[in-house]
Amino acid sequence: MGDFTVGDEDFLLDGRPVRLLSGALHYFRVHESQWGHRLAMLRAMGLNCVETYVPWNLHEPRPGVHEDVAALGRFLDAADAAGLWAIVRPGPYICAEWENGGLPHWLTGPLGRRARTNDAEYLAHVDRWFGVLLPQVAERQIDRGGPVLMVQVENEYGSYGTDRGYLAHLAGLLRDCGIAVPLFTSDGPEDHMLTGGSLPGVLATANFGSGAREGFEVLRRHQPSGPLMCMEFWCGWFDHWGAEHVVRDAGDAAATLREILECGASVNLYMAHGGTNFAGWSGANRAGELHLGALEPTATSYDYDAPIDEAGRPTEKFWRFREVLAEYQDGRALPELPPLPAELTDSHTIRTDGWASLPDVLDVLGGAECEGPVPATFEEVGVDRGLVRYRVDVPAPRQPYALGVLGLRDVATVYVDGVRAGVLDTQDAALPEPVPGGAVVELWVESLGRVNYGPRGGESKGITGGVLHERQYLHGVRARGLRLDAFSVPGVAKVPFAVAGSAGTVGLHRGAVDLPSTGASFAWLRLPGWGRGFVWVNGFCVGRYWGVGPQRGLYVPGAVLRGGCNEVWVLELAGAEGAGPVTLGA
C-alpha cells in the first residue's frame, strides 16, 4: 500500500520524494512468455518503473467484440512481480507508431474528423470502452497494493487539437472509472502544444529527445510548480519501409539522459525495449513538417535502436544508460542481468509443399462480396489489416481508354481480364496501357498501415474516390475483403493448396521446417529476394516483410517454435522473380 501524490517540486510516495526512472515497454509488442525477462532487463538497467500504452483496436477488433482485454492486468502483475512501478497510458488515442494510433477502424471510418473531439457519438464509444478496460487498472493502483502510480489523459493532444472540453471529459471519465492516482498529459515542449494539450489541475509532462534544459524551461512557463518529467525521452527512433535504418549514438543519448536527471527531473525512456509490430499492426506516417505528404509505412521491427534490442539483448546504449542510472539508486546496487536470450543456431531451410492463388484464398477466407455504385472503403467492408479485391466491368462498346483510380490508399495490383496490367501506388494514378471496353478489371488493394500521427489520422483505406475510364466513373464496383486475422489454423486448412509454387510467386505458400528441441528464445526468419507480404509460424503472424528494407529479417519468439515440425505460411502480395528459399534460424 502507498500514497503517491504530486508535490510542488517532487513526486511523493507516502510523503517522501521519489524520482521516477521509467522505461517504455509495450506488452502488446512483446510475446507474453518474454514479459518477465524484459522487465528484469529494465530493473538491471537501473529503472524503477515501466510505462505502457493500451491499443484499443487490438482489444476490440469489432464493435462490442473484446479480445484478451485482461492482458493489460497480467502485464501490470508481471511488472509488480519484477519490482517495478507502472505508468499506464490508455488513450483512447496512443500514436505509438501503431495502426490508426490505436483507434478502431470501425470507429474512425464513420466518424472521420469527429474522433478525438468532444463529439457525443465518439465519447459514447470511449465511455463504454473505458468502462471495460479501466477496472483492472483501478484495482492495481498503488494505494490498493498494486504498481500503478499514474495514468495519462489522451496522448500528445496538443500536436493535434485544442478541444479542452474533450480532455476535461476524459479526465472526468478516468476519475469516474475509479482512477485515483495522479493524472498527467504529455506534449512536445512548445507553447502551442502545451496550450492545446494540457489541463488545469493535471500534471503536464514534456516529450523530447534532446535539449532538456530548454524543454523544461518551456514547460515551467506553462506549469510553474510540480515535478518535472520527460515522459518520452526519445533515445532512438523507429524505421519506415524503404528508408535508412535509424540509429542514435549511445554516448549522445546517455549525455541527454544525464542532462535530464541533472535538472532534477524524472524520466521515461522511449523506448527502453521496443519489441515487434506483430500481425500487421504497424502504423504509418505522412511525410513533411506538417504531416500531410506521402505515406510512410512503419516497419515490422520496433527495435527503435533502444537500449534493449528487439531480441531482448543489451546494447552499448544499455551499458551507457546503466552507468548513468547507477548514480541515482539511493546507494543500492543494481541487479544483475537475467540470462541472455538464446538464439536458434544454424539456418534451417523451409521446404514448401503447397501454393494457392489469391482468388482461391479469398474464396475460402474472404468476407462476403458487396456491390455499390462507388467502391466501398476498407472500413465499410470491415477490414482493418489486410486487402480488398475490387471488381468492375468496363461497359462496351467503346474505345480503349486509360483506366485510373482516384483516392487510392495504399497500393493496388491491377488485372485486366485476368492478366496483370500494372501496380498503382499513388493517390491518383492510371495504368500505362489503355483498357478496352468489355474488360473485367480487378484491383487488389493492400493497406500499408493507417496513419497514427498528425491531421490525417483516421483516414480511410482502399479506393476512397472512384475508378475512372477516360474521365468517366465506372459504377457498380464489387468489393470483397480479406482480413489478416482470417488466417487461422482451421481456416488455412480449408484452402485448396496445389503443388508448391515458385518462390516469390503471388499467393499463399505453405511450408514446413523441422527444428530440434533446443529451447531457443528467438529466431530470425529471412525471405531473400521476396517482394512484400506476411508470414505466419505455427499460426502466429510474425508480421509484414518487404524487400525495400531496411528490415531484412522477421523476429520469431521462441515460444512460437516447437521441436519437430513447424508450419510456415507466406502470403506474397507483390510478386518477385529470382526469390531465394525462406530460412529460419541464425
# chains A, B, ... in the order shown; residues from 1 in each chain; ligands from 1

call {"tool": "residues_around", "arguments": {"residues": "region 574-578 of chain A", "least_positions_apart": "6", "cutoff": "7 Å", "atoms": "only C-alpha atoms", "output": "ChimeraX atom specification"}}
result
/A:504-506,529-532

call {"tool": "residues_around", "arguments": {"residues": "Gly275 (chain A)", "least_positions_apart": "4", "cutoff": "8 Å", "atoms": "only C-alpha atoms", "output": "PyMOL selection string"}}
result
chain A and resi 25-26+29-30+301-303+309-311

call {"tool": "residues_around", "arguments": {"residues": "Pro490 (chain A)", "least_positions_apart": "6", "cutoff": "12 Å", "atoms": "only C-alpha atoms", "output": "list of chain:residue names"}}
result
A:Val364, A:Leu365, A:Asn538, A:Gly539

call {"tool": "residues_around", "arguments": {"residues": "region 83-89 of chain A", "least_positions_apart": "2", "cutoff": "6 Å", "atoms": "only C-alpha atoms", "output": "VMD selection string"}}
result
chain A and resid 48 to 53 79 to 81 91 147 to 152

call {"tool": "select_by_dssp", "arguments": {"residues": "region 57-291 of chain A", "states": "strand (DSSP E or B)", "output": "VMD selection string"}}
result
chain A and resid 62 65 85 to 89 98 141 148 to 152 183 to 187 203 to 208 229 to 234 240 266 to 273 276 282 284 to 286

call {"tool": "atom_distance", "arguments": {"atom1": "CA of Pro314 (chain A)", "atom2": "CA of Arg74 (chain A)"}}
result
24.7 Å

call {"tool": "atom_distance", "arguments": {"atom1": "CA of Val65 (chain A)", "atom2": "CA of Arg456 (chain A)"}}
result
26.6 Å

call {"tool": "closest_residue", "arguments": {"among": "A:Asp360, A:Glu459, A:Glu139, A:Glu343", "to": "Leu295 (chain A)", "atoms": "only C-alpha atoms"}}
result
A:Glu459

call {"tool": "residues_around", "arguments": {"residues": "Ile463 (chain A)", "least_positions_apart": "4", "cutoff": "10 Å", "atoms": "only C-alpha atoms", "output": "list in words"}}
result
Val374, Pro375, Ala376, Thr377, Phe378, Val388, Tyr390, Val405, Leu406, Gly407, Leu408, Arg409, Asp410, Val411, Ala412, Gln427, Asp428, Leu443, Val445 and Val467 of chain A

call {"tool": "write_last_selection", "arguments": {"atoms": "C-alpha atoms", "output": "PDB file, in the first residue's frame"}}
result
ATOM      1  CA  VAL A 374     -18.949   3.596 -55.726  1.00  0.00           C
ATOM      2  CA  PRO A 375     -16.135   1.494 -54.251  1.00  0.00           C
ATOM      3  CA  ALA A 376     -16.555   0.565 -50.599  1.00  0.00           C
ATOM      4  CA  THR A 377     -13.675   1.535 -48.311  1.00  0.00           C
ATOM      5  CA  PHE A 378     -11.840  -0.963 -46.131  1.00  0.00           C
ATOM      6  CA  VAL A 388      -9.693  -5.816 -50.577  1.00  0.00           C
ATOM      7  CA  TYR A 390     -12.397  -4.618 -56.187  1.00  0.00           C
ATOM      8  CA  VAL A 405      -8.065   5.408 -59.666  1.00  0.00           C
ATOM      9  CA  LEU A 406      -8.795   8.473 -57.547  1.00  0.00           C
ATOM     10  CA  GLY A 407      -8.112   8.458 -53.817  1.00  0.00           C
ATOM     11  CA  LEU A 408      -6.106   5.227 -53.708  1.00  0.00           C
ATOM     12  CA  ARG A 409      -4.810   4.123 -50.317  1.00  0.00           C
ATOM     13  CA  ASP A 410      -2.336   2.464 -50.473  1.00  0.00           C
ATOM     14  CA  VAL A 411      -1.219   0.137 -53.300  1.00  0.00           C
ATOM     15  CA  ALA A 412      -3.247  -1.682 -55.982  1.00  0.00           C
ATOM     16  CA  GLN A 427      -3.156   8.683 -54.515  1.00  0.00           C
ATOM     17  CA  ASP A 428      -4.352   9.388 -58.080  1.00  0.00           C
ATOM     18  CA  LEU A 443      -7.849  -4.204 -58.305  1.00  0.00           C
ATOM     19  CA  VAL A 445      -5.698  -3.114 -52.839  1.00  0.00           C
ATOM     20  CA  VAL A 467     -12.407   4.082 -60.732  1.00  0.00           C
TER      21      VAL A 467
END

call {"tool": "atom_distance", "arguments": {"atom1": "CA of Arg220 (chain A)", "atom2": "CA of Phe208 (chain A)"}}
result
14.9 Å

call {"tool": "residues_around", "arguments": {"residues": "Ala115 (chain A)", "least_positions_apart": "4", "cutoff": "12 Å", "atoms": "only C-alpha atoms", "output": "PyMOL selection string"}}
result
chain A and resi 92-93+100-101+103-111+119-126+160-161+163+166+455-459

call {"tool": "residues_around", "arguments": {"residues": "Phe28 (chain A)", "least_positions_apart": "6", "cutoff": "9 Å", "atoms": "only C-alpha atoms", "output": "list in words"}}
result
Tyr53, Val54, Pro55, Leu58, Ala71, Leu72, Gly275, Thr276, Asn277 and Phe278 of chain A

call {"tool": "write_last_selection", "arguments": {"atoms": "C-alpha atoms", "output": "compact mmCIF listing (two decimals), in the first residue's frame"}}
result
# COMPACT_ATOMS: atom_id res chain seq x y z
CA TYR A 53 0.20 2.23 -23.84
CA VAL A 54 -3.06 0.34 -24.43
CA PRO A 55 -4.21 -0.16 -28.07
CA LEU A 58 -6.19 -4.65 -30.66
CA ALA A 71 -3.63 -8.87 -20.96
CA LEU A 72 -3.02 -5.40 -19.51
CA GLY A 275 9.77 -5.17 -29.50
CA THR A 276 7.89 -6.07 -32.67
CA ASN A 277 4.77 -5.00 -34.58
CA PHE A 278 3.38 -8.49 -34.98

call {"tool": "closest_atom_pairs", "arguments": {"of": "region 514-556 of chain A", "to": "region 325-341 of chain A", "cutoff": "8 Å", "atoms": "only C-alpha atoms", "output": "JSON lines"}}
result
{"residue": "A:Ala520", "atom": "CA", "partner": "A:Pro341", "partner_atom": "CA", "distance": 7.6}
{"residue": "A:Ser521", "atom": "CA", "partner": "A:Pro341", "partner_atom": "CA", "distance": 5.3}
{"residue": "A:Phe522", "atom": "CA", "partner": "A:Pro341", "partner_atom": "CA", "distance": 7.3}

call {"tool": "closest_residue", "arguments": {"among": "A:Leu257, A:Gly178, A:Gly422, A:Ser447", "to": "Val324 (chain A)", "atoms": "only C-alpha atoms"}}
result
A:Leu257

call {"tool": "closest_residue", "arguments": {"among": "A:Asp514, A:Glu323, A:Glu379, A:Glu470", "to": "Val394 (chain A)", "atoms": "only C-alpha atoms"}}
result
A:Glu470

call {"tool": "closest_residue", "arguments": {"among": "A:Asp77, A:Asp239, A:Asp127, A:Asp187", "to": "Leu219 (chain A)", "atoms": "only C-alpha atoms"}}
result
A:Asp187
